[in-house]
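Here's the structure, in structure tokens; my notes come after.
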Amino acid sequence: MKAKKLTILQVGLDSLSDGQLKAKIDQFLASSESNLIVTVNPEFLLEARQNFRFNNLLNHAALALADGFGLQVMALFKGAYLRRQTGADLSVYLLALAETEKRRVAIINWSGGLSSNDELRATLAKSYPALQVEIVATERGADFEQLEVLKKFQPEIVLCSLGAPYQEKLLAQLASVLTAKILVGVGGSLDYLTGRAKRAPQVLRTIGLEWLWRLLINPRARAKRIWQAVVKFPICFVIDEWIHPWLYRPNVVGFIYQNNEVLIVNSAKETRDFWKLPQGGRDALETVRQAVRREMTEELSLSNYQIKAVYKNIFKYCWRSGYSIQGYKGQCQSLCLLDYRGDKSAMKLDEENRAYKWVRIDDLLNQVDPVNEKAYTLFIQKYRESLKS
């Protein structure tokens, strides 16, 4: 039975003591599966708040550890204690364990980071002389070209320093093709080993002022990240935890039609097939027309259409138990009827949807997920009224 997680900004976090974490690592190394460990800080949660794939990845990791004093503070506001396990400490532990147990370690190093491959090799050779290690470099967001090298090396532990969300996305892909038992995104933790970055004194880490140390050491490089963690993150926490649960999320739906057919998409947010009309959230300062144009561009690369009618806030519903986006209780939908004039096969889907198809409008309710029946019955009615007028 899995231990219960503490959810902060819609991401479940594990709270493990040092002993429990070490036992988990031993369990992973003895298993036949690949296990992704994520070391989550406030910036992770801010990224996951607007990036559903990253959110999904964090929530499906084998372990999601809290690596940030701010997370501990927010946990206290929820009446819970969250143990902190840092990527820097985890890296040192895994390297030492691998050397002792003669396990192979692969390091995927960010080629734009502070520490070069040569610096890492020299440092590891000195600190862990018996370690079996392979170090490869790659760019953020680039195609990974070192897969065959890693397959040949057959690592049991993989550390990646690309930073979030790049490292987690790459490791999730590698988990299905490598024999590695543990894969961890460690960000800039390896720079502490090489001496290219200086870690805060233990006393500052203990009282949660490591961020202040980083700001003082390198103010220009750290200012934006500190702003995210110290200012933006608490504000988003307050909004999502205490304000949004009383509100409905503004949403726009694109009813894209041509010759008695309407476009539907298969949402990648669900593990099962979930066909629906294209839709998305509306930002605070956007009009409905602005929002639907942005969403259709982002989700479908769609532009060759005319907005024939707009029905603002015509349907409201609550989300199912346990599900939410940014803490909202549900959605308030605005409908936009979009007369499409282009090629029906010209859609280019973003990562939020896995497929699309055109269906007869009269058959729409049979083609989409039943949960949408009430809303889509209303939408079809508005479409038919629009044609008559």
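Residue numbers start at 1 in each chain; chains themselves are named A, B, ... in the order of the structure tokens; ligands are numbered from 1 in the order shown.
Shell of Val288 (chain A) at 8 Å, with only C-alpha atoms counted and residues fewer than 4 places along the chain excluded, is A:Val252, A:Arg282, A:Val292, A:Val310, A:Lys312, A:Ser334.
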Region 131-348 of chain A: residues DSSP assigns to alpha helix (DSSP H), reported as a PyMOL selection string: chain A and resi 147-153+166-174+189-194+202-206+210-217+219-227+233-238+288-300
Within 10 Å of region 86-91 of chain A using only C-alpha atoms, minus same-chain residues under 2 positions, as a ChimeraX atom specification: /A:18,21-22,37-41,65-69,83-84,93-97,159,184-193,199
Non-local contacts of Ile8 (chain A) (8 Å; only C-alpha atoms; under 2 positions in same chain excluded) as a list in words: Leu6, Gln10, Val11, Gly12, Leu13, Leu45, Leu71, Met74, Ala75 and Phe237 of chain A
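Minimum atom-to-atom distances from A:Lys102, A:Arg341, A:Lys152, A:Lys276 to Leu364 (chain A) were compared using only C-alpha atoms, and the lowest value belongs to A:Lys276.
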